[in-house]
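> Sharing structure.cif below, mmCIF, C-alpha atoms:
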data_my_file
loop_
_atom_site.label_atom_id
_atom_site.label_comp_id
_atom_site.auth_asym_id
_atom_site.auth_seq_id
_atom_site.Cartn_x
_atom_site.Cartn_y
_atom_site.Cartn_z
CA MET A 1 116.12 138.53 81.64
CA ASN A 2 112.54 138.17 82.85
CA LEU A 3 110.71 140.58 85.16
CA TYR A 4 111.48 138.59 88.30
CA GLN A 5 115.19 138.39 87.52
CA SER A 6 115.38 142.08 86.68
CA LEU A 7 113.83 143.17 90.00
CA GLY A 8 116.37 141.37 92.18
CA TYR A 9 115.74 141.48 95.92
CA LEU A 10 112.46 143.35 95.51
CA VAL A 11 110.84 140.06 94.48
CA LEU A 12 112.98 137.60 96.43
CA GLY A 13 109.97 136.28 98.37
CA SER A 14 107.89 135.94 95.23
CA ARG A 15 110.66 134.08 93.41
CA LEU A 16 111.24 131.72 96.34
CA ARG A 17 107.48 131.10 96.63
CA ARG A 18 107.22 130.39 92.87
CA LEU A 19 110.22 128.06 93.07
CA SER A 20 108.76 126.28 96.09
CA GLU A 21 105.30 125.95 94.57
CA GLY A 22 106.74 124.61 91.32
CA PHE A 23 108.98 122.14 93.15
CA LEU A 24 106.17 120.90 95.39
CA ALA A 25 103.83 120.54 92.40
CA GLU A 26 106.43 118.33 90.68
CA ILE A 27 106.91 116.26 93.84
CA ASN A 28 103.13 115.82 94.18
CA ARG A 29 102.98 114.80 90.53
CA ALA A 30 105.69 112.18 91.19
CA TYR A 31 103.61 110.72 94.04
CA LYS A 32 100.55 110.70 91.80
CA ASN A 33 102.51 109.06 88.97
CA GLU A 34 103.38 106.26 91.40
CA GLY A 35 99.74 105.92 92.46
CA ILE A 36 100.51 107.17 95.97
CA ASP A 37 97.96 109.39 97.73
CA PHE A 38 100.45 111.64 99.51
CA ASP A 39 100.87 115.40 99.61
CA ALA A 40 104.33 116.95 99.85
CA SER A 41 103.07 119.28 102.59
CA TRP A 42 102.79 116.22 104.85
CA PHE A 43 106.47 115.41 104.44
CA PRO A 44 107.85 117.05 107.62
CA VAL A 45 105.38 115.22 109.87
CA PHE A 46 105.86 111.88 108.15
CA TYR A 47 109.62 112.29 108.19
CA LEU A 48 109.74 113.13 111.90
CA LEU A 49 107.34 110.30 112.75
CA SER A 50 109.45 107.91 110.66
CA LYS A 51 112.34 108.72 113.01
CA ASN A 52 110.31 108.89 116.26
CA GLU A 53 107.59 106.57 117.50
CA SER A 54 105.56 109.54 118.69
CA LEU A 55 105.90 113.30 119.10
CA SER A 56 103.72 115.97 120.67
CA ILE A 57 102.20 118.65 118.47
CA LYS A 58 104.46 121.14 120.26
CA GLU A 59 107.53 119.05 119.35
CA LEU A 60 106.33 118.76 115.74
CA SER A 61 105.71 122.50 115.65
CA GLU A 62 109.15 123.32 117.04
CA GLN A 63 111.05 120.89 114.83
CA THR A 64 109.28 121.97 111.65
CA GLU A 65 109.46 125.64 112.65
CA VAL A 66 105.77 126.28 112.02
CA SER A 67 103.23 127.75 114.40
CA HIS A 68 101.47 125.47 116.85
CA PRO A 69 98.07 126.18 115.17
CA ALA A 70 99.52 125.30 111.73
CA ALA A 71 100.98 122.04 113.07
CA SER A 72 97.71 121.26 114.84
CA GLN A 73 95.73 121.89 111.65
CA LEU A 74 97.99 119.55 109.67
CA ILE A 75 97.68 116.85 112.34
CA THR A 76 93.88 117.22 112.29
CA ASN A 77 93.94 116.79 108.50
CA LEU A 78 96.11 113.67 108.82
CA LYS A 79 93.82 112.32 111.59
CA ASN A 80 90.79 112.80 109.33
CA ARG A 81 92.61 110.72 106.71
CA LYS A 82 93.32 108.07 109.38
CA LEU A 83 97.09 108.42 108.83
CA VAL A 84 97.96 109.55 112.36
CA THR A 85 96.38 109.25 115.75
CA SER A 86 97.08 110.85 119.09
CA VAL A 87 97.25 109.33 122.53
CA THR A 88 97.58 110.93 125.92
CA SER A 89 101.15 111.10 127.12
CA ALA A 90 101.99 108.71 129.96
CA ASP A 91 104.20 111.45 131.49
CA ASP A 92 101.80 114.38 131.15
CA GLY A 93 98.05 113.88 130.79
CA ARG A 94 97.69 117.29 129.13
CA ARG A 95 99.99 116.37 126.27
CA GLN A 96 98.81 114.49 123.19
CA MET A 97 101.38 112.32 121.46
CA VAL A 98 101.00 111.95 117.68
CA GLN A 99 101.91 108.67 116.01
CA LEU A 100 101.38 106.99 112.67
CA THR A 101 98.44 104.62 112.34
CA ASP A 102 98.77 101.29 110.54
CA SER A 103 97.56 103.08 107.39
CA GLY A 104 100.15 105.80 107.99
CA ARG A 105 102.93 103.22 108.34
CA THR A 106 101.77 101.50 105.14
CA LEU A 107 101.84 104.85 103.34
CA LEU A 108 105.28 105.57 104.80
CA ALA A 109 106.59 102.30 103.34
CA GLN A 110 105.27 103.40 99.92
CA ILE A 111 106.81 106.87 100.05
CA LEU A 112 110.27 105.98 101.36
CA PRO A 113 111.49 104.88 97.90
CA VAL A 114 110.10 108.11 96.44
CA TRP A 115 112.12 110.13 98.96
CA ASP A 116 115.26 108.25 97.90
CA ALA A 117 114.45 108.94 94.24
CA ILE A 118 113.86 112.63 94.99
CA LEU A 119 117.29 112.89 96.62
CA LEU A 120 119.00 111.14 93.71
CA THR A 121 117.15 113.24 91.14
CA MET A 122 117.94 116.52 92.88
CA GLU A 123 121.61 115.53 93.16
CA ASP A 124 121.60 114.87 89.39
CA VAL A 125 119.94 118.22 88.67
CA ILE A 126 122.33 120.14 90.91
CA ASN A 127 125.43 118.30 89.70
CA ASN A 128 124.55 119.06 86.06
CA ASP A 129 124.65 122.80 86.71
CA PRO A 130 127.63 124.02 88.76
CA ALA A 131 125.84 127.30 89.50
CA CYS A 132 123.26 125.34 91.52
CA MET A 133 125.80 123.61 93.76
CA HIS A 134 125.72 126.43 96.32
CA LEU A 135 121.93 126.60 96.52
CA LEU A 136 121.35 124.85 99.85
CA PRO A 137 124.31 126.49 101.64
CA SER A 138 123.17 129.87 100.31
CA ILE A 139 119.60 129.33 101.48
CA GLY A 140 120.94 128.29 104.90
CA ALA A 141 123.11 131.38 105.07
CA LEU A 142 120.17 133.62 104.15
CA GLU A 143 117.95 131.93 106.75
CA ASN A 144 120.63 132.56 109.39
CA ALA A 145 121.07 136.15 108.26
CA PHE A 146 117.33 136.75 108.62
CA LYS A 147 117.40 135.26 112.13
CA ASN A 148 120.20 137.62 113.13
CA VAL A 149 118.86 140.75 111.46
CA ASN A 150 115.53 142.46 112.02
CA LEU A 151 114.86 143.17 108.36
CA ALA A 152 111.84 145.42 108.90
CA ASP A 153 113.75 147.63 111.35
CA ARG A 154 116.71 147.89 109.00
CA ILE A 155 114.40 148.92 106.17
CA SER A 156 112.90 151.58 108.43
CA ASP A 157 116.39 152.77 109.33
CA LYS A 158 117.22 153.15 105.62
CA LEU A 159 113.99 155.08 105.08
CA ASN A 160 114.79 157.40 108.00
CA ILE A 161 118.34 157.98 106.75
CA ASN A 162 117.02 158.77 103.26
CA ALA A 163 114.27 161.00 104.67
CA GLY A 164 116.85 162.94 106.70
CA ALA A 165 119.07 163.37 103.66
CA ASN A 166 116.16 164.74 101.63
CA GLU A 167 115.25 167.42 104.17
#
Please rewrite the model in this file as structure tokens.


Amino acid sequence: MNLYQSLGYLVLGSRLRRLSEGFLAEINRAYKNEGIDFDASWFPVFYLLSKNESLSIKELSEQTEVSHPAASQLITNLKNRKLVTSVTSADDGRRQMVQLTDSGRTLLAQILPVWDAILLTMEDVINNDPACMHLLPSIGALENAFKNVNLADRISDKLNINAGANE
């Protein structure tokens, strides 16, 4: 058992971050192997724009569950790469609608087969290890638990109970 496994919940965030970073590095390597200049961090925006002609930064932020500044920063990065553009909303002149450029749509056509291959590969990986089959439902359950529980307050409560018992 390695250090991370032996520490259990004390390093849950670190283990999830390591798993995520390793997974995203492999996905980025797959894009590179195919000669596609795409970063996995762009996926949520490209996916949403593949399903919608245009979305506001607020809509992108809400649907990806990231802060508005983080979504705005990603959109600025994609604009600098000429992959997305924004136009003023016909309904509300204050709202900018983000959409793929021609270059963005060309890139989308290149990455769609990679997304299919990622899904098939992950299904193979998960199906070859029965212990992994509950991964996504378990992550979903933990995400819901964290939404319903104020973890920091509960930790403080435990500290206060333990402090009272030690007095």

> Run the PyMOL selection byres ((chain A and resi 98-110) around 8) on the file and write out the hits as a list in words.

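So the PyMOL selection byres ((chain A and resi 98-110) around 8), applied here, picks out Ile36, Phe38, Phe46, Leu49, Ser50, Glu53, Ser54, Leu55, Ser56, Ile57, Ile75, Lys82, Leu83, Val84, Thr85, Ser86, Val87, Gln96, Met97, Ile111, Leu112, Pro113 and Val114 of chain A.
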
> Those residues you just picked out, can you put them in a file as an mmCIF file, in the coordinates of the input with C-alpha atoms?


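Done, and the output landed in result.cif:
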data_model
loop_
_atom_site.group_PDB
_atom_site.id
_atom_site.type_symbol
_atom_site.label_atom_id
_atom_site.label_comp_id
_atom_site.auth_asym_id
_atom_site.auth_seq_id
_atom_site.Cartn_x
_atom_site.Cartn_y
_atom_site.Cartn_z
ATOM 1 C CA ILE A 36 100.510 107.170 95.970
ATOM 2 C CA PHE A 38 100.450 111.640 99.510
ATOM 3 C CA PHE A 46 105.860 111.880 108.150
ATOM 4 C CA LEU A 49 107.340 110.300 112.750
ATOM 5 C CA SER A 50 109.450 107.910 110.660
ATOM 6 C CA GLU A 53 107.590 106.570 117.500
ATOM 7 C CA SER A 54 105.560 109.540 118.690
ATOM 8 C CA LEU A 55 105.900 113.300 119.100
ATOM 9 C CA SER A 56 103.720 115.970 120.670
ATOM 10 C CA ILE A 57 102.200 118.650 118.470
ATOM 11 C CA ILE A 75 97.680 116.850 112.340
ATOM 12 C CA LYS A 82 93.320 108.070 109.380
ATOM 13 C CA LEU A 83 97.090 108.420 108.830
ATOM 14 C CA VAL A 84 97.960 109.550 112.360
ATOM 15 C CA THR A 85 96.380 109.250 115.750
ATOM 16 C CA SER A 86 97.080 110.850 119.090
ATOM 17 C CA VAL A 87 97.250 109.330 122.530
ATOM 18 C CA GLN A 96 98.810 114.490 123.190
ATOM 19 C CA MET A 97 101.380 112.320 121.460
ATOM 20 C CA ILE A 111 106.810 106.870 100.050
ATOM 21 C CA LEU A 112 110.270 105.980 101.360
ATOM 22 C CA PRO A 113 111.490 104.880 97.900
ATOM 23 C CA VAL A 114 110.100 108.110 96.440
#

> Please, what distance in Å, to one decimal, runs between atom CA of Leu136 of chain A and atom CA of Leu16 of chain A?

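That distance, rounded to one decimal, is 12.7 Å.
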
> Which distance in Å separates atom CA of Ala71 of chain A and atom CA of Phe43 of chain A, to one decimal?

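Straight-line distance from atom CA of Ala71 of chain A to atom CA of Phe43 of chain A works out to 12.2 Å.
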
> Atom CA of Ser41 of chain A to atom CA of Ser72 of chain A: how many Å, to one decimal?

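That distance, rounded to one decimal, is 13.5 Å.
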
> I would like the residues chosen by the PyMOL selection byres ((chain A and resi 116-120) around 12) on the shown file; could you give them as a compact mmCIF listing (two decimals) with C-alpha atoms, in the frame of the given file?


# COMPACT_ATOMS: atom_id res chain seq x y z
CA PHE A 23 108.98 122.14 93.15
CA LEU A 24 106.17 120.90 95.39
CA GLU A 26 106.43 118.33 90.68
CA ILE A 27 106.91 116.26 93.84
CA ASN A 28 103.13 115.82 94.18
CA ARG A 29 102.98 114.80 90.53
CA ALA A 30 105.69 112.18 91.19
CA TYR A 31 103.61 110.72 94.04
CA GLU A 34 103.38 106.26 91.40
CA ALA A 40 104.33 116.95 99.85
CA ALA A 109 106.59 102.30 103.34
CA GLN A 110 105.27 103.40 99.92
CA ILE A 111 106.81 106.87 100.05
CA LEU A 112 110.27 105.98 101.36
CA PRO A 113 111.49 104.88 97.90
CA VAL A 114 110.10 108.11 96.44
CA TRP A 115 112.12 110.13 98.96
CA THR A 121 117.15 113.24 91.14
CA MET A 122 117.94 116.52 92.88
CA GLU A 123 121.61 115.53 93.16
CA ASP A 124 121.60 114.87 89.39
CA VAL A 125 119.94 118.22 88.67
CA ILE A 126 122.33 120.14 90.91
CA ASN A 127 125.43 118.30 89.70

> Please define a box with edges along x, y and z of the file around all atoms of segment 119-124 of chain A given in the file, extend it by 5 Å on each side, and return its centre and edge lengths in Å to one decimal, as lines of an AutoDock Vina configuration file.


center_x = 119.4
center_y = 113.8
center_z = 93.0
size_x = 14.5
size_y = 15.4
size_z = 17.2
